[in-house]
$ cat data-v2.csv   # CSV, C-alpha atoms and all ligand atoms
chain,number,residue,atom,x,y,z
A,250,MET,CA,46.7,-9.2,11.1
A,251,ILE,CA,50.4,-9.5,10.3
A,252,GLU,CA,52.6,-6.5,11.0
A,253,ILE,CA,56.2,-6.5,10.0
A,254,THR,CA,58.2,-3.4,11.1
A,255,ASN,CA,61.8,-2.5,10.2
A,256,LEU,CA,62.7,-6.2,9.9
A,257,THR,CA,66.4,-6.9,9.2
A,258,LYS,CA,67.9,-10.4,9.2
A,259,LYS,CA,71.5,-11.2,8.6
A,260,PHE,CA,73.2,-14.6,8.3
A,261,GLY,CA,76.8,-13.7,9.1
A,262,GLU,CA,77.7,-10.9,6.7
A,263,GLN,CA,74.8,-11.9,4.3
A,264,ILE,CA,71.8,-9.6,4.5
A,265,ALA,CA,68.7,-11.8,3.8
A,266,LEU,CA,66.1,-9.1,4.9
A,267,ASP,CA,66.9,-5.5,4.7
A,268,ASP,CA,64.5,-3.2,6.7
A,269,ILE,CA,61.2,-4.8,5.6
A,270,ASN,CA,58.0,-3.0,6.4
A,271,LEU,CA,54.8,-4.9,5.4
A,272,HIS,CA,51.3,-5.1,6.7
A,273,PHE,CA,49.1,-8.1,5.7
A,274,LYS,CA,45.4,-7.2,6.3
A,275,LYS,CA,42.5,-9.4,7.1
A,276,GLY,CA,41.2,-11.2,4.0
A,277,GLU,CA,44.0,-10.1,1.8
A,278,LYS,CA,45.5,-12.6,-0.6
A,279,SER,CA,49.2,-11.8,-1.2
A,280,LEU,CA,51.7,-13.3,-3.5
A,281,ILE,CA,55.4,-12.8,-2.9
A,282,ILE,CA,57.6,-13.2,-5.9
A,283,GLY,CA,61.3,-12.6,-6.6
A,284,GLN,CA,64.4,-14.3,-7.8
A,285,ASN,CA,66.1,-17.2,-6.0
A,286,GLY,CA,67.8,-15.9,-2.9
A,287,ALA,CA,65.7,-12.7,-2.7
A,288,GLY,CA,64.7,-13.4,0.9
A,289,LYS,CA,61.2,-14.7,0.5
A,290,SER,CA,61.5,-17.9,2.6
A,291,THR,CA,63.5,-16.0,5.2
A,292,LEU,CA,60.6,-13.5,5.4
A,293,MET,CA,58.1,-16.3,5.9
A,294,LYS,CA,60.2,-18.1,8.5
A,295,SER,CA,60.7,-14.8,10.3
A,296,ILE,CA,57.0,-14.3,10.4
A,297,LEU,CA,56.7,-17.7,12.0
A,298,GLY,CA,59.3,-16.9,14.6
A,299,GLU,CA,61.9,-19.3,13.3
A,300,TYR,CA,64.6,-16.6,13.2
A,301,LEU,CA,65.7,-14.0,15.6
A,302,PRO,CA,65.9,-10.7,13.6
A,303,ASN,CA,68.8,-8.4,13.9
A,304,THR,CA,66.4,-5.4,14.1
A,305,GLY,CA,62.7,-4.9,13.9
A,306,SER,CA,59.7,-7.0,14.8
A,307,VAL,CA,56.8,-9.2,13.7
A,308,LYS,CA,53.3,-9.1,15.3
A,309,ILE,CA,50.6,-11.6,14.4
A,310,ASN,CA,47.3,-10.2,15.7
A,311,GLY,CA,49.3,-8.2,18.1
A,312,ILE,CA,51.4,-11.1,19.4
A,313,ASN,CA,55.1,-11.4,18.9
A,314,PRO,CA,55.9,-15.0,17.7
A,315,LEU,CA,59.3,-14.9,19.4
A,316,LYS,CA,57.6,-14.2,22.8
A,317,ASP,CA,54.5,-16.5,22.6
A,318,ARG,CA,55.0,-18.7,19.6
A,319,LYS,CA,52.2,-21.1,20.4
A,320,LYS,CA,49.6,-18.4,20.7
A,321,ALA,CA,50.9,-16.4,17.7
A,322,LEU,CA,50.9,-19.5,15.4
A,323,LYS,CA,47.5,-20.9,16.6
A,324,ASN,CA,45.8,-19.2,13.7
A,325,ILE,CA,48.4,-19.8,11.0
A,326,ALA,CA,48.5,-22.9,8.7
A,327,PHE,CA,51.9,-23.2,7.1
A,328,VAL,CA,53.3,-25.3,4.3
A,329,PRO,CA,57.1,-24.9,4.0
A,330,GLN,CA,59.1,-24.8,0.8
A,331,THR,CA,61.1,-27.9,1.9
A,332,PRO,CA,59.2,-30.4,3.9
A,333,PRO,CA,61.0,-31.3,7.1
A,334,PRO,CA,62.5,-34.8,7.3
A,335,ILE,CA,59.9,-36.1,9.8
A,336,LYS,CA,60.4,-39.7,10.8
A,337,LEU,CA,57.0,-40.2,12.2
A,338,THR,CA,54.5,-42.3,10.2
A,339,LEU,CA,51.5,-40.5,8.7
A,340,SER,CA,49.3,-42.2,11.3
A,341,GLU,CA,51.5,-40.8,14.1
A,342,MET,CA,51.4,-37.4,12.5
A,343,VAL,CA,47.7,-37.4,12.2
A,344,GLU,CA,47.4,-38.3,15.9
A,345,PHE,CA,49.8,-35.6,16.8
A,346,VAL,CA,48.1,-32.9,14.8
A,347,THR,CA,44.6,-33.8,15.8
A,348,LYS,CA,45.6,-33.7,19.5
A,349,SER,CA,47.7,-30.6,19.4
A,350,CYS,CA,45.3,-28.6,17.1
A,351,GLU,CA,42.1,-30.0,18.4
A,352,ILE,CA,40.8,-31.1,15.0
A,353,SER,CA,39.1,-34.3,13.9
A,354,PRO,CA,41.1,-36.8,11.9
A,355,THR,CA,38.2,-37.0,9.5
A,356,LYS,CA,39.0,-33.5,8.4
A,357,ILE,CA,42.5,-34.5,7.3
A,358,ASP,CA,41.1,-37.5,5.6
A,359,GLU,CA,38.5,-35.3,3.7
A,360,PHE,CA,41.1,-32.9,2.5
A,361,SER,CA,43.5,-35.7,1.5
A,362,LYS,CA,40.8,-37.3,-0.6
A,363,PHE,CA,40.0,-33.9,-2.2
A,364,LEU,CA,43.7,-33.6,-3.1
A,365,GLU,CA,43.6,-37.2,-4.4
A,366,PHE,CA,46.1,-38.3,-1.8
A,367,ASN,CA,45.5,-41.8,-0.6
A,368,LEU,CA,46.1,-41.3,3.1
A,369,LYS,CA,44.7,-44.7,4.2
A,370,ALA,CA,47.2,-46.6,2.0
A,371,ASN,CA,50.1,-44.6,3.4
A,372,LEU,CA,49.3,-44.4,7.1
A,373,ASN,CA,52.1,-46.7,8.1
A,374,LYS,CA,54.7,-45.0,6.0
A,375,PRO,CA,57.2,-42.6,7.6
A,376,PHE,CA,56.6,-39.1,6.3
A,377,PHE,CA,60.1,-38.7,4.9
A,378,LYS,CA,59.6,-41.7,2.6
A,379,LEU,CA,56.7,-40.1,0.7
A,380,SER,CA,57.4,-38.7,-2.7
A,381,GLY,CA,57.8,-34.9,-3.0
A,382,GLY,CA,54.3,-34.3,-4.3
A,383,MET,CA,52.7,-36.7,-1.7
A,384,LYS,CA,54.4,-34.8,1.1
A,385,GLN,CA,53.1,-31.5,-0.2
A,386,LYS,CA,49.6,-32.9,-0.6
A,387,PHE,CA,49.6,-34.3,3.0
A,388,LEU,CA,50.9,-31.0,4.4
A,389,ILE,CA,48.3,-29.0,2.4
A,390,ALA,CA,45.6,-31.4,3.7
A,391,ILE,CA,46.7,-30.8,7.3
A,392,ALA,CA,46.9,-27.0,6.7
A,393,TYR,CA,43.3,-26.9,5.4
A,394,ALA,CA,42.0,-29.3,8.0
A,395,ARG,CA,43.2,-26.9,10.7
A,396,ASP,CA,40.9,-24.2,9.3
A,397,CYS,CA,43.1,-21.3,10.5
A,398,SER,CA,42.3,-17.7,9.6
A,399,ILE,CA,45.8,-17.2,8.1
A,400,LEU,CA,47.4,-19.5,5.4
A,401,MET,CA,51.1,-19.2,4.6
A,402,PHE,CA,52.3,-21.4,1.7
A,403,ASP,CA,55.9,-21.3,0.4
A,404,GLU,CA,55.9,-22.8,-3.1
A,405,PRO,CA,53.1,-25.2,-2.3
A,406,THR,CA,52.6,-26.4,-5.8
A,407,ALA,CA,56.3,-26.9,-6.7
A,408,ASN,CA,56.0,-30.7,-6.6
A,409,LEU,CA,52.4,-31.1,-7.6
A,410,ASP,CA,51.3,-32.6,-10.9
A,411,PRO,CA,49.1,-30.5,-13.2
A,412,LYS,CA,45.9,-32.1,-11.9
A,413,ALA,CA,46.8,-31.5,-8.3
A,414,ARG,CA,47.6,-27.9,-9.1
A,415,GLU,CA,44.1,-27.4,-10.4
A,416,ILE,CA,42.7,-29.0,-7.2
A,417,PHE,CA,44.9,-26.7,-5.1
A,418,LYS,CA,43.6,-23.7,-7.0
A,419,GLU,CA,40.0,-24.8,-6.3
A,420,LEU,CA,40.9,-25.0,-2.5
A,421,LEU,CA,42.2,-21.5,-2.6
A,422,ALA,CA,39.2,-20.2,-4.5
A,423,ASN,CA,37.1,-21.5,-1.7
A,424,SER,CA,39.0,-19.8,1.1
A,425,GLN,CA,37.5,-16.3,0.7
A,426,GLY,CA,37.4,-15.1,4.3
A,427,LYS,CA,41.0,-16.2,5.0
A,428,THR,CA,44.1,-14.1,5.0
A,429,ALA,CA,46.7,-15.7,2.7
A,430,VAL,CA,50.4,-15.2,1.9
A,431,PHE,CA,51.9,-17.3,-0.8
A,432,ILE,CA,55.4,-17.5,-2.3
A,433,SER,CA,55.4,-18.7,-5.8
A,434,HIS,CA,57.4,-18.3,-9.0
A,435,ARG,CA,54.3,-19.1,-11.0
A,436,VAL,CA,52.5,-15.8,-11.1
A,437,SER,CA,50.2,-16.7,-13.9
A,438,GLU,CA,49.0,-19.7,-12.0
A,439,MET,CA,47.7,-17.5,-9.1
A,440,GLY,CA,45.8,-15.2,-11.4
A,441,GLY,CA,42.3,-14.5,-10.1
A,442,LEU,CA,43.2,-15.9,-6.7
A,443,ILE,CA,45.2,-13.0,-5.3
A,444,ASN,CA,44.7,-9.3,-4.8
A,445,ARG,CA,48.3,-8.2,-4.0
A,446,VAL,CA,51.7,-8.9,-5.5
A,447,ILE,CA,54.9,-8.1,-3.5
A,448,GLU,CA,58.2,-8.4,-5.3
A,449,MET,CA,61.4,-8.9,-3.4
A,450,ASP,CA,64.9,-8.5,-4.7
A,451,LEU,CA,68.2,-8.5,-2.9
A,452,ALA,CA,66.6,-8.7,0.6
A,453,LYS,CA,64.2,-5.7,-0.1
A,454,VAL,CA,60.6,-5.2,-1.2
A,455,VAL,CA,60.9,-3.6,-4.6
A,456,LYS,CA,57.3,-3.6,-5.6
A,457,ASP,CA,54.0,-3.8,-3.7
A,458,GLU,CA,50.9,-3.6,-5.9
A,459,LYS,CA,47.2,-4.3,-5.7
A,460,VAL,CA,45.8,-6.5,-8.4
A,461,VAL,CA,42.3,-7.2,-9.5
B,1,LIG,N1,69.7,-20.6,7.5
B,1,LIG,C1,70.4,-19.9,6.7
B,1,LIG,N2,71.7,-19.7,6.9
B,1,LIG,C2,72.5,-19.0,6.1
B,1,LIG,N3,72.1,-18.3,5.1
B,1,LIG,C3,70.8,-18.4,4.8
B,1,LIG,C4,69.9,-19.2,5.6
B,1,LIG,N4,68.6,-19.2,5.0
B,1,LIG,C5,68.8,-18.4,3.9
B,1,LIG,N5,70.0,-17.9,3.8
B,1,LIG,C6,70.5,-17.0,2.7
B,1,LIG,O1,69.6,-15.9,2.7
B,1,LIG,C7,69.3,-15.5,1.3
B,1,LIG,C8,67.9,-15.6,1.1
B,1,LIG,O2,67.4,-16.9,1.1
B,1,LIG,P1,65.9,-17.3,1.0
B,1,LIG,O3,65.8,-18.8,1.2
B,1,LIG,O4,65.1,-16.5,1.9
B,1,LIG,O5,65.6,-17.0,-0.5
B,1,LIG,P2,64.3,-17.2,-1.4
B,1,LIG,O6,63.9,-15.9,-1.9
B,1,LIG,O7,63.3,-18.0,-0.6
B,1,LIG,O8,64.8,-18.1,-2.7
B,1,LIG,P3,64.2,-19.3,-3.5
B,1,LIG,O9,63.3,-18.7,-4.6
B,1,LIG,O10,65.4,-20.0,-4.1
B,1,LIG,O11,63.4,-20.2,-2.6
B,1,LIG,C9,70.1,-16.5,0.5
B,1,LIG,O12,71.4,-15.9,0.1
B,1,LIG,C10,70.4,-17.7,1.4
B,1,LIG,O13,71.6,-18.3,1.1
B,2,MG,MG,62.5,-19.9,-0.8

$ encode --input "data-v2.csv" --output "structure tokens" --more "lines below"
Ligand SMILES: Nc1ncnc2c1ncn2[C@@H]1O[C@H](COP(=O)(O)OP(=O)(O)OP(=O)(O)O)[C@@H](O)[C@H]1O
Ligand SMILES: [Mg+2]
Amino acid sequence: MIEITNLTKKFGEQIALDDINLHFKKGEKSLIIGQNGAGKSTLMKSILGEYLPNTGSVKINGINPLKDRKKALKNIAFVPQTPPPIKLTLSEMVEFVTKSCEISPTKIDEFSKFLEFNLKANLNKPFFKLSGGMKQKFLIAIAYARDCSILMFDEPTANLDPKAREIFKELLANSQGKTAVFISHRVSEMGGLINRVIEMDLAKVVKDEKVV
């Protein structure tokens, strides 16, 4: 599903990814852990084709996201670590997403309700004015509404309150057939929901284990 081969990414002299080789298979639920600055978010952004690597390549279902980003990302629902400062209102975002991803606005509404995010009351608010947790809930609702075969979440629960975290876990538990890659510092929280743990340190993969 996702094939990463000899991937190296430097920012100036700084090596953020050092010869990474990983294969994420269909249905696998992987958790990427590692200290701050280890390269986790850079890896995820590289998978999404946001960075041009120094060496190596990424293929998503055989497609290089740098060559055909739209096609490669069609089946990936992504929630970033830091939500982008989008000026559109939620209503405009819903319209954009439903048009570009061909999904029904009702789906976004359903998942927002499930996450206890009051979309209706916030429709006229610009996205950047939402609270941190509200942003995350709305982006998670969009990600699930898209019903993609691959989920990629970078610290999706960082701003969620304890109740919302439990609801998020419930969503994950119900996504059996999907391939998922999460980044989280909260390993214990993901217990029972993942079957692989990858640890990164200083730009390298230092551990890659199956868990039951
Ligand atoms: N756009 C960028 N420009 C320059 N350096 C960057 C950029 N993005 C990341 N880096 C550097 O690459 C290294 C890895 O950063 P990255 O964000 O991937 O870490 P991380 O593992 O996600 O950390 P955290 O747990 O804090 O989120 C860091 O030293 C960071 O400063
Ligand atoms: Mg990060």

$ residues_near_ligand --input "data-v2.csv" --ligand "ligand LIG 1 (chain B)" --cutoff "9 Å" --atoms "all atoms listed in the file" --output "CSV table (one decimal) with C-alpha atoms, keeping the file's coordinate frame"
chain,number,residue,atom,x,y,z
A,258,LYS,CA,67.9,-10.4,9.2
A,259,LYS,CA,71.5,-11.2,8.6
A,260,PHE,CA,73.2,-14.6,8.3
A,261,GLY,CA,76.8,-13.7,9.1
A,263,GLN,CA,74.8,-11.9,4.3
A,264,ILE,CA,71.8,-9.6,4.5
A,265,ALA,CA,68.7,-11.8,3.8
A,266,LEU,CA,66.1,-9.1,4.9
A,282,ILE,CA,57.6,-13.2,-5.9
A,283,GLY,CA,61.3,-12.6,-6.6
A,284,GLN,CA,64.4,-14.3,-7.8
A,285,ASN,CA,66.1,-17.2,-6.0
A,286,GLY,CA,67.8,-15.9,-2.9
A,287,ALA,CA,65.7,-12.7,-2.7
A,288,GLY,CA,64.7,-13.4,0.9
A,289,LYS,CA,61.2,-14.7,0.5
A,290,SER,CA,61.5,-17.9,2.6
A,291,THR,CA,63.5,-16.0,5.2
A,292,LEU,CA,60.6,-13.5,5.4
A,293,MET,CA,58.1,-16.3,5.9
A,294,LYS,CA,60.2,-18.1,8.5
A,300,TYR,CA,64.6,-16.6,13.2
A,330,GLN,CA,59.1,-24.8,0.8
A,403,ASP,CA,55.9,-21.3,0.4
A,404,GLU,CA,55.9,-22.8,-3.1
A,432,ILE,CA,55.4,-17.5,-2.3
A,433,SER,CA,55.4,-18.7,-5.8
A,434,HIS,CA,57.4,-18.3,-9.0
A,449,MET,CA,61.4,-8.9,-3.4
A,450,ASP,CA,64.9,-8.5,-4.7
A,451,LEU,CA,68.2,-8.5,-2.9
A,452,ALA,CA,66.6,-8.7,0.6

$ residues_near_point --input "data-v2.csv" --point "(52.5, -8.9, 18.9)" --cutoff "10 Å" --atoms "all atoms listed in the file" --output "list in words"
Met250, Ile251, Glu252, Ile253, Ser306, Val307, Lys308, Ile309, Asn310, Gly311, Ile312, Asn313, Pro314, Leu315, Lys316, Asp317 and Ala321 of chain A

$ residues_near_point --input "data-v2.csv" --point "(41.5, -13.9, -7.9)" --cutoff "12 Å" --atoms "only C-alpha atoms" --output "VMD selection string"
chain A and resid 277 to 280 418 to 419 421 to 425 429 436 to 446 459 to 461

$ closest_residue --input "data-v2.csv" --among "A:Leu339, A:Leu400, A:Ser353, A:Gly382" --to "Leu368 of chain A" --atoms "all atoms listed in the file"
A:Leu339

$ closest_residue --input "data-v2.csv" --among "A:Lys456, A:Lys412, A:Lys384, A:Arg395" --to "Thr331 of chain A" --atoms "all atoms listed in the file"
A:Lys384

$ closest_residue --input "data-v2.csv" --among "A:Phe387, A:Phe402, A:Phe376, A:Phe417" --to "ligand MG 2 (chain B)" --atoms "only C-alpha atoms and all ligand atoms"
A:Phe402
